[in-house]
Every structure is written in structure tokens, then in C-alpha cells.
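*Asks:* coords34.csv is reproduced in full below (CSV, C-alpha atoms).
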```csv
chain,number,residue,atom,x,y,z
A,90,MET,CA,-13.5,-2.0,5.8
A,91,THR,CA,-13.5,-3.1,2.2
A,92,ALA,CA,-10.5,-2.7,-0.2
A,93,GLN,CA,-12.4,0.0,-2.1
A,94,ALA,CA,-13.2,1.9,1.1
A,95,VAL,CA,-9.5,1.6,2.2
A,96,THR,CA,-8.4,3.0,-1.2
A,97,VAL,CA,-10.8,5.9,-0.9
A,98,VAL,CA,-9.2,6.8,2.5
A,99,GLU,CA,-5.8,6.7,0.8
A,100,ILE,CA,-7.0,9.2,-1.8
A,101,ARG,CA,-8.6,11.5,0.8
A,102,GLY,CA,-5.3,11.6,2.8
A,103,ALA,CA,-3.3,12.1,-0.4
A,104,LEU,CA,-5.3,15.3,-1.3
A,105,LEU,CA,-4.3,16.9,2.0
A,106,SER,CA,-0.7,15.9,1.4
A,107,LEU,CA,-0.9,17.3,-2.1
A,108,ARG,CA,-2.1,20.7,-0.9
A,109,ARG,CA,0.6,20.9,1.7
A,110,ALA,CA,3.4,19.7,-0.6
A,111,THR,CA,2.4,21.9,-3.6
A,112,GLY,CA,0.8,24.9,-1.9
A,113,LEU,CA,-2.2,24.6,-4.3
A,114,PRO,CA,-5.4,25.6,-2.6
A,115,VAL,CA,-7.7,23.1,-4.3
A,116,ALA,CA,-7.3,19.3,-4.7
A,117,PHE,CA,-9.7,16.6,-5.7
A,118,GLY,CA,-9.5,13.0,-7.0
A,119,GLY,CA,-11.0,9.6,-7.3
A,120,LEU,CA,-10.6,6.0,-8.3
A,121,VAL,CA,-10.9,4.3,-11.7
A,122,GLU,CA,-14.2,2.5,-11.6
A,123,SER,CA,-14.1,-1.3,-11.7
A,124,GLY,CA,-14.6,-2.6,-15.2
A,125,ARG,CA,-15.1,0.9,-16.7
A,126,PRO,CA,-12.5,3.2,-18.3
A,127,GLN,CA,-13.4,6.2,-16.2
A,128,VAL,CA,-12.5,7.9,-13.0
A,129,ARG,CA,-15.2,8.9,-10.5
A,130,ILE,CA,-14.2,12.0,-8.6
A,131,SER,CA,-15.3,11.3,-5.0
A,132,GLU,CA,-12.9,13.3,-2.8
A,133,LEU,CA,-12.7,17.1,-2.6
A,134,SER,CA,-10.3,19.3,-0.6
A,135,GLY,CA,-10.4,23.1,-0.6
A,136,THR,CA,-13.3,23.3,-3.0
A,137,ALA,CA,-16.0,26.0,-2.7
A,138,THR,CA,-18.8,24.0,-4.4
A,139,ALA,CA,-19.8,20.4,-5.0
A,140,ALA,CA,-19.7,20.8,-8.8
A,141,LEU,CA,-16.9,18.3,-9.2
A,142,ARG,CA,-18.2,15.6,-6.8
A,143,CYS,CA,-19.2,12.3,-8.4
A,144,LEU,CA,-18.1,13.6,-11.8
A,145,ALA,CA,-17.3,10.6,-14.1
A,146,VAL,CA,-14.2,11.4,-16.2
A,147,SER,CA,-13.8,9.1,-19.2
A,148,SER,CA,-10.3,7.9,-20.3
A,149,GLY,CA,-8.9,10.3,-22.8
A,150,SER,CA,-11.4,13.1,-22.0
A,151,GLY,CA,-10.4,16.3,-20.2
A,152,LEU,CA,-7.2,16.6,-18.3
A,153,GLY,CA,-7.7,13.7,-15.9
A,154,GLY,CA,-8.9,11.5,-18.7
A,155,LYS,CA,-5.7,12.3,-20.6
A,156,ALA,CA,-3.6,11.5,-17.6
A,157,VAL,CA,-5.4,8.1,-17.3
A,158,ALA,CA,-5.0,7.3,-21.0
A,159,LEU,CA,-1.3,8.2,-21.1
A,160,ALA,CA,-0.6,7.0,-17.5
A,161,ARG,CA,1.5,10.1,-16.9
A,162,PRO,CA,1.1,13.5,-15.2
A,163,CYS,CA,-0.6,16.3,-17.3
A,164,ALA,CA,-1.1,20.0,-16.6
A,165,VAL,CA,-2.7,23.0,-18.2
A,166,THR,CA,-2.3,26.7,-17.4
A,167,ASP,CA,-5.9,27.8,-18.3
A,168,TYR,CA,-8.3,24.9,-18.4
A,169,SER,CA,-11.1,26.5,-20.3
A,170,SER,CA,-9.0,27.7,-23.2
A,171,SER,CA,-6.4,24.9,-23.4
A,172,ARG,CA,-5.9,23.2,-26.8
A,173,GLN,CA,-4.1,20.3,-25.2
A,174,ILE,CA,-7.3,18.7,-23.8
A,175,SER,CA,-10.9,18.1,-24.8
A,176,HIS,CA,-13.6,20.1,-23.0
A,177,GLU,CA,-16.4,17.8,-21.9
A,178,TYR,CA,-16.1,19.0,-18.3
A,179,ASP,CA,-15.8,22.8,-18.8
A,180,VAL,CA,-19.1,23.5,-17.0
A,181,PRO,CA,-18.3,21.9,-13.6
A,182,VAL,CA,-14.7,23.2,-13.8
A,183,ALA,CA,-15.9,26.7,-14.4
A,184,ALA,CA,-18.5,26.3,-11.6
A,185,GLU,CA,-15.7,25.6,-9.2
A,186,GLY,CA,-13.7,28.5,-10.5
A,187,ILE,CA,-10.5,26.8,-11.2
A,188,ARG,CA,-8.1,27.7,-14.0
A,189,SER,CA,-4.6,26.1,-13.7
A,190,VAL,CA,-4.9,22.4,-13.1
A,191,LEU,CA,-2.6,19.4,-12.8
A,192,ALA,CA,-3.6,15.7,-12.9
A,193,VAL,CA,-1.4,12.9,-11.7
A,194,PRO,CA,-2.4,9.2,-12.2
A,195,VAL,CA,-1.9,6.7,-9.4
A,196,VAL,CA,-0.4,3.7,-11.2
A,197,VAL,CA,-0.1,0.3,-9.5
A,198,ARG,CA,1.3,-2.7,-11.4
A,199,ARG,CA,1.0,-0.8,-14.7
A,200,ARG,CA,-2.7,-0.1,-14.1
A,201,VAL,CA,-4.1,3.3,-13.3
A,202,ARG,CA,-6.0,3.0,-10.1
A,203,GLY,CA,-6.9,6.7,-9.6
A,204,VAL,CA,-6.1,10.3,-10.3
A,205,LEU,CA,-5.1,13.2,-8.0
A,206,TYR,CA,-5.7,16.8,-9.1
A,207,GLY,CA,-4.4,20.1,-7.9
A,208,ALA,CA,-5.6,23.5,-9.0
A,209,LEU,CA,-5.3,27.2,-8.8
A,210,ARG,CA,-8.2,29.7,-9.2
A,211,SER,CA,-6.0,31.8,-11.5
A,212,ALA,CA,-4.3,31.2,-14.9
A,213,GLU,CA,-0.7,30.8,-13.8
A,214,PRO,CA,2.0,28.3,-14.7
A,215,LEU,CA,2.1,25.6,-12.1
A,216,GLY,CA,5.8,25.0,-12.5
A,217,ASP,CA,8.0,21.9,-12.2
A,218,ARG,CA,8.1,22.1,-8.4
A,219,ALA,CA,4.4,21.8,-7.9
A,220,LEU,CA,4.2,19.0,-10.5
A,221,GLY,CA,7.1,17.1,-8.9
A,222,ALA,CA,5.6,17.4,-5.5
A,223,ALA,CA,2.2,16.1,-6.7
A,224,VAL,CA,4.0,13.2,-8.4
A,225,ALA,CA,5.8,12.4,-5.1
A,226,VAL,CA,2.4,12.3,-3.3
A,227,ALA,CA,1.0,9.9,-6.0
A,228,ARG,CA,4.1,7.7,-5.6
A,229,ASP,CA,3.4,7.4,-1.9
A,230,VAL,CA,-0.2,6.3,-2.6
A,231,GLU,CA,1.1,3.8,-5.1
A,232,GLN,CA,3.5,2.3,-2.6
A,233,SER,CA,0.8,2.1,0.0
A,234,LEU,CA,-1.6,0.4,-2.4
A,235,VAL,CA,1.1,-2.1,-3.4
A,236,VAL,CA,1.6,-3.1,0.2
A,237,ARG,CA,-2.1,-3.4,0.8
A,238,ASP,CA,-2.5,-5.6,-2.4
A,239,GLN,CA,0.3,-7.8,-1.3
A,240,ALA,CA,-1.1,-8.1,2.2
A,241,ARG,CA,-4.6,-9.0,0.9
A,242,GLU,CA,-3.1,-11.6,-1.5
A,243,LEU,CA,-1.2,-13.3,1.3
A,244,LEU,CA,-4.3,-13.2,3.6
A,245,ALA,CA,-6.4,-14.8,0.9
A,246,ALA,CA,-3.7,-17.5,0.5
A,247,VAL,CA,-3.6,-18.4,4.2
A,248,ARG,CA,-7.2,-17.8,5.4
A,249,PRO,CA,-9.0,-20.9,4.3
A,250,GLU,CA,-7.8,-23.4,6.9
A,251,PRO,CA,-6.6,-23.2,10.5
A,252,ALA,CA,-3.1,-24.4,11.2
A,253,GLY,CA,-3.8,-28.0,12.1
A,254,GLU,CA,-6.0,-28.6,9.0
A,255,ALA,CA,-3.6,-26.7,6.8
A,256,ARG,CA,-0.7,-28.9,8.0
A,257,ALA,CA,-2.7,-32.1,7.2
A,258,ALA,CA,-3.9,-30.7,3.8
A,259,ALA,CA,-0.4,-29.6,2.7
A,260,GLY,CA,0.7,-33.2,2.6
A,261,THR,CA,4.2,-32.5,1.4
A,262,ALA,CA,7.3,-30.7,2.8
A,263,ALA,CA,7.3,-28.4,-0.2
A,264,ALA,CA,3.7,-27.3,0.4
A,265,TRP,CA,4.4,-26.7,4.1
A,266,GLU,CA,7.5,-24.6,3.3
A,267,GLN,CA,5.2,-22.3,1.2
A,268,VAL,CA,3.1,-21.8,4.4
A,269,ARG,CA,6.2,-20.9,6.3
A,270,GLU,CA,7.3,-18.4,3.6
A,271,ALA,CA,3.8,-16.9,3.7
A,272,HIS,CA,4.0,-16.5,7.5
A,273,ALA,CA,7.4,-14.8,7.2
A,274,ALA,CA,6.1,-12.5,4.4
A,275,LEU,CA,3.0,-11.5,6.4
A,276,ARG,CA,5.1,-10.6,9.4
A,277,ALA,CA,7.5,-8.6,7.2
A,278,LEU,CA,4.5,-6.7,5.7
A,279,ALA,CA,2.8,-5.9,9.0
A,280,PRO,CA,5.0,-3.1,10.2
A,281,ARG,CA,4.5,-1.3,6.8
A,282,ILE,CA,0.7,-1.2,7.2
A,283,THR,CA,-0.5,2.1,8.7
A,284,ASP,CA,-4.1,1.0,9.0
A,285,PRO,CA,-4.3,-0.6,12.5
A,286,ASP,CA,-7.3,-2.8,11.6
A,287,LEU,CA,-5.5,-4.3,8.5
A,288,ARG,CA,-2.3,-4.7,10.5
A,289,ALA,CA,-4.2,-6.6,13.2
A,290,GLU,CA,-5.8,-8.8,10.6
A,291,LEU,CA,-2.4,-9.6,9.2
A,292,LEU,CA,-1.0,-10.6,12.5
A,293,ALA,CA,-4.2,-12.6,13.3
A,294,ALA,CA,-3.6,-14.5,10.0
A,295,CYS,CA,-0.1,-15.2,11.2
A,296,GLY,CA,-1.5,-16.8,14.3
A,297,LEU,CA,-3.7,-19.1,12.2
A,298,LEU,CA,-0.6,-20.6,10.8
A,299,THR,CA,0.9,-21.6,14.1
A,300,ALA,CA,-0.1,-24.3,16.6
A,301,PRO,CA,-1.8,-23.2,19.9
A,302,ARG,CA,0.7,-21.7,22.3
A,303,PRO,CA,1.1,-23.6,25.6
A,304,ALA,CA,0.6,-21.5,28.7
A,305,GLY,CA,3.8,-20.1,30.2
A,306,GLY,CA,5.8,-20.6,27.1
A,307,PRO,CA,8.6,-18.3,26.0
A,308,ALA,CA,7.7,-14.9,24.4
A,309,LEU,CA,9.6,-13.2,21.6
A,310,ALA,CA,9.6,-9.5,20.7
A,311,PRO,CA,8.0,-8.8,17.3
A,312,ARG,CA,11.3,-8.2,15.5
A,313,GLU,CA,12.8,-11.3,17.0
A,314,LEU,CA,9.9,-13.3,15.7
A,315,ASP,CA,10.1,-11.5,12.3
A,316,VAL,CA,13.8,-12.6,12.0
A,317,LEU,CA,13.2,-16.1,13.2
A,318,SER,CA,10.3,-16.5,10.7
A,319,TRP,CA,12.6,-15.9,7.8
A,320,VAL,CA,15.3,-18.1,9.3
A,321,ALA,CA,12.7,-20.8,9.5
A,322,ALA,CA,12.0,-20.3,5.8
A,323,GLY,CA,15.6,-20.9,5.0
A,324,ALA,CA,16.9,-17.3,4.6
A,325,THR,CA,20.4,-16.3,5.4
A,326,ASN,CA,21.1,-13.4,7.8
A,327,ALA,CA,21.9,-11.2,4.8
A,328,ALA,CA,18.6,-12.2,3.1
A,329,VAL,CA,16.7,-11.5,6.3
A,330,ALA,CA,18.3,-8.1,6.5
A,331,GLU,CA,17.2,-7.3,3.0
A,332,ARG,CA,13.7,-8.6,3.5
A,333,LEU,CA,13.1,-6.6,6.7
A,334,GLY,CA,15.1,-3.5,5.8
A,335,LEU,CA,17.6,-4.0,8.6
A,336,ARG,CA,21.4,-4.2,8.9
A,337,PRO,CA,22.9,-7.7,9.0
A,338,GLU,CA,24.4,-6.9,12.5
A,339,THR,CA,20.9,-6.0,13.7
A,340,VAL,CA,19.5,-9.2,12.4
A,341,LYS,CA,22.3,-11.1,14.3
A,342,GLY,CA,21.4,-9.3,17.4
A,343,TYR,CA,17.7,-10.2,17.2
A,344,LEU,CA,18.6,-13.8,16.4
A,345,ARG,CA,21.0,-14.1,19.4
A,346,SER,CA,18.3,-12.6,21.7
A,347,ALA,CA,15.7,-15.1,20.4
A,348,MET,CA,18.1,-18.0,20.8
A,349,ARG,CA,18.8,-16.9,24.4
A,350,LYS,CA,15.0,-16.7,25.3
A,351,LEU,CA,14.4,-20.1,23.6
A,352,GLY,CA,17.3,-21.8,25.3
A,353,ALA,CA,18.8,-22.6,21.9
A,354,HIS,CA,22.5,-22.8,20.9
A,355,THR,CA,22.0,-22.8,17.1
A,356,ARG,CA,19.7,-21.3,14.5
A,357,GLY,CA,18.1,-24.7,13.9
A,358,GLU,CA,17.5,-25.3,17.6
A,359,ALA,CA,15.9,-21.9,17.9
A,360,VAL,CA,13.5,-22.6,15.0
A,361,THR,CA,12.6,-26.0,16.5
A,362,ALA,CA,12.0,-24.5,19.9
A,363,ALA,CA,9.9,-21.7,18.5
A,364,ARG,CA,7.7,-24.2,16.6
A,365,ARG,CA,7.2,-26.3,19.8
A,366,ALA,CA,6.2,-23.1,21.6
A,367,GLY,CA,3.6,-22.3,18.9
A,368,LEU,CA,5.5,-19.2,17.7
A,369,LEU,CA,6.2,-20.5,14.2
A,370,PRO,CA,4.4,-22.7,11.7
```
Rewrite the structure of this file - the entire thing - as C-alpha cells.

*Replies:*
Amino acid sequence: MTAQAVTVVEIRGALLSLRRATGLPVAFGGLVESGRPQVRISELSGTATAALRCLAVSSGSGLGGKAVALARPCAVTDYSSSRQISHEYDVPVAAEGIRSVLAVPVVVRRRVRGVLYGALRSAEPLGDRALGAAVAVARDVEQSLVVRDQARELLAAVRPEPAGEARAAAGTAAAWEQVREAHAALRALAPRITDPDLRAELLAACGLLTAPRPAGGPALAPRELDVLSWVAAGATNAAVAERLGLRPETVKGYLRSAMRKLGAHTRGEAVTAARRAGLLP
């Protein structure tokens, strides 16, 4: 699945969440087109017609375009008569029969990536509760896209060469430490990915960074390996806890368990044993 297709899926799910959270019967949305200052409305939920589908909303035009240009939520009580927006899209809006509309931009790294709309078929004030709920849904999408972006950047960084070639090409201890940090970061991101295919791809990339595992070697639980990955990268228990969203005591517990399975008495011995077992780069 391409990055664009994944993002479309995020928008589709967000529309259902928006309707549940706000109680608004109609929701629609889409992505900012690559290289163009416009949003293409591709996803509809609760609509009665296809009038809004594939509508290209230019930045600054209409309600959604205003939200894109300002990078902040906007709302109108009666779309067709509002003086707060321009009216290039009155015909498709009227064809769908919607009146009160809110538009919330999805902003990632200071760039608008999409817009979520919610609407009523009557001219009634939407209120702060509905707008706040819509903003919360957009923030969830933003966080999900941030995680996906980070994951894909890390994948791009570690994909080119298998572990043995990467080790030879790195050439210096500093370069190899970067590989170890990437391995730890990938493992830390994996539990936050809800898409099983992307999560599996991440974990497969982790495997490319380690040596082949000998048959019958020790096995660690996923969280034990997550903790040991950061330890191998030089992180303290407190830093590991912060990275993984765990309590320091929990990190210590996972580390003790990993050491026991690896037959190690110190953190350093555990890392060395894990590398020999092909569990760490």
C-alpha cells in the first residue's frame, strides 16, 4: 500500500470518528494534492449525493480553502449566505443540501496535509463542543501521520543494504552506532503502528540490521528486545523508559528478564550476548 493510499485510509476512518464525536450527520474530506495548493475531496460519509466527490478546493477559496490558507479550523452557520467565505462551491454544497459546516485542517510538521469537514443540513450554530471534537479527531490523524512519516524515513534509511554489507560499508564505530539507534527507534515505533502490514514491514527492517540467528538460540519477548535495543544504543534506564513510554521500574524488570534469558550478569554482557544471538545489530 502506498503512502498516499495509507493516508486516504486515515481520512476515511477519521470521518467516521468525526461523525461519532460531533453527532454531525455528514462528513467529508480529502488530501492536499502534491505540488498543488488545493484539497481534493475524496472521502464521503453520510452524504446523500456524489456532488462533493472529487471536488478540488483551492487554498483560500470556500470554507475548506480558508482552513487550508489559515491552517486553523473554520466554521459557518449558513454556508450559502455566509460573508466569511468566498462562494465558488455553492452549487455542489447546495446539491448535497448542507448548511452549517465546519472545516478542520490536518497539519503535520507545519504543513496542511488534508481537511476534515462536518456538516448539518440545517442552519444552526455548530457550537464549541462540535468544533472541539472535530479538532481532536484531526489531531489524532496528525499524530498517526507523524508516526507513519517517521517510520517510512527510518525504513528508507535502513533498507538499502542487508546487515553484513551495511556493517562493512559503515566502516566506523560512529556510523554503526547510527544503525543501532535506527534499530532501536524502529522497534520503538512498531507498537504505535496500527496498520499490520506497515508494522510487519518495520519489524522486517529491524531483522535486516541483525546477523542471521543461529538455530536454538535464546528468544526474547518483544518488549525485552525493545529495552535491550535502547540499552545497546547507550540509553540509560530513565531514557529507555521515556522513549518507550514505560515506567523506569518496568524497564528494569524487562532488562532483568532479558539478562536472565541470555545468561548475562551485566547490561553490557546482555548486549554482547544478544548480538551473538543475532537479536541486535

*Asks:* Choose the residue, out of A:Pro214, A:Gly203, A:Gly186, A:Pro114, that has the smallest atom-to-atom separation from Ser131 (chain A); count only C-alpha atoms.

*Replies:*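 Using only C-alpha atoms, the shortest distance to Ser131 (chain A) belongs to A:Gly203.
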
*Asks:* Have a look at CA of Ala139 (chain A) and CA of Tyr178 (chain A) and let me know their distance in Å, one decimal.

*Replies:*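 A separation of 13.9 Å between them.
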
*Asks:* So which one's closest to Pro162 (chain A), A:Ala324, A:Ala225, A:Ala273, A:Val236? Using all atoms listed in the file, please.

*Replies:*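 Closest to Pro162 (chain A) of all the choices is A:Ala225.
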
*Asks:* Neighbourhood query: residues within 10 Å of (-10.7, 11.8, 2.5), file coordinates, counting all atoms listed in the file; return as a list of chain:residue names.

*Replies:*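 Those residues, ordered by chain and then number, are A:Thr96, A:Val97, A:Val98, A:Glu99, A:Ile100, A:Arg101, A:Gly102, A:Ala103, A:Leu104, A:Leu105, A:Phe117, A:Gly118, A:Ser131, A:Glu132, A:Leu133, A:Ser134.
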
*Asks:* Just the residues within 9 Å of Glu185 (chain A), please, counting all atoms listed in the file, with nothing from its chain fewer than 5 positions along; format it as a PyMOL selection string.

*Replies:* chain A and resi 136-141+180+210

*Asks:* Between A:Gly221, A:Pro280, A:Gly207, A:Gly154, which has the minimum distance to Pro126 (chain A) (counting all atoms listed in the file)?

*Replies:*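 Checking each of A:Gly221, A:Pro280, A:Gly207, A:Gly154 against Pro126 (chain A), counting all atoms listed in the file, the winner is A:Gly154.
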
*Asks:* CA of Ala110 (chain A) and CA of Arg281 (chain A), how far apart in Å?

*Replies:* 22.3 Å

*Asks:* Between CA of Ser346 (chain A) and CA of Ala310 (chain A), what is the distance, to one decimal in Å?

*Replies:* 9.3 Å

*Asks:* With all atoms listed in the file as the atoms that count, which of A:Ala158, A:Ala116, A:Val193, A:Ala277 lies nearest to Glu313 (chain A)?

*Replies:*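 Smallest distance to Glu313 (chain A) is found for A:Ala277.
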
*Asks:* From the options A:Tyr343, A:Tyr168, A:Trp319, A:Tyr206, which residue's atoms come nearest to Leu113 (chain A), counting only C-alpha atoms?

*Replies:*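 Once distances to Leu113 (chain A) are computed over only C-alpha atoms, the minimum belongs to A:Tyr206.
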
*Asks:* Counting all atoms listed in the file, which of A:Leu152, A:Ala359, A:Ala366, A:Ile174 gets nearest to Val204 (chain A)?

*Replies:* A:Leu152

*Asks:* What's the 10 Å shell around Leu159 (chain A), counting all atoms listed in the file, without same-chain residues fewer than 2 positions away, as a tab-separated table (two decimals) with C-alpha atoms, in the frame of the given file?

*Replies:*
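So the final result, stored in result-v5.tsv, reads:
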```tsv
chain	number	residue	atom	x	y	z
A	148	SER	CA	-10.30	7.90	-20.30
A	149	GLY	CA	-8.90	10.30	-22.80
A	153	GLY	CA	-7.70	13.70	-15.90
A	154	GLY	CA	-8.90	11.50	-18.70
A	155	LYS	CA	-5.70	12.30	-20.60
A	156	ALA	CA	-3.60	11.50	-17.60
A	157	VAL	CA	-5.40	8.10	-17.30
A	161	ARG	CA	1.50	10.10	-16.90
A	162	PRO	CA	1.10	13.50	-15.20
A	163	CYS	CA	-0.60	16.30	-17.30
A	194	PRO	CA	-2.40	9.20	-12.20
A	201	VAL	CA	-4.10	3.30	-13.30
```

*Asks:* Any idea what's packed within 12 Å of Leu344 (chain A), counting only C-alpha atoms, ignoring anything in its chain fewer than 6 positions away? Could you give it as a PyMOL selection string?

*Replies:* chain A and resi 309-321+325-326+329-330+337-338+350-351+353-360+363
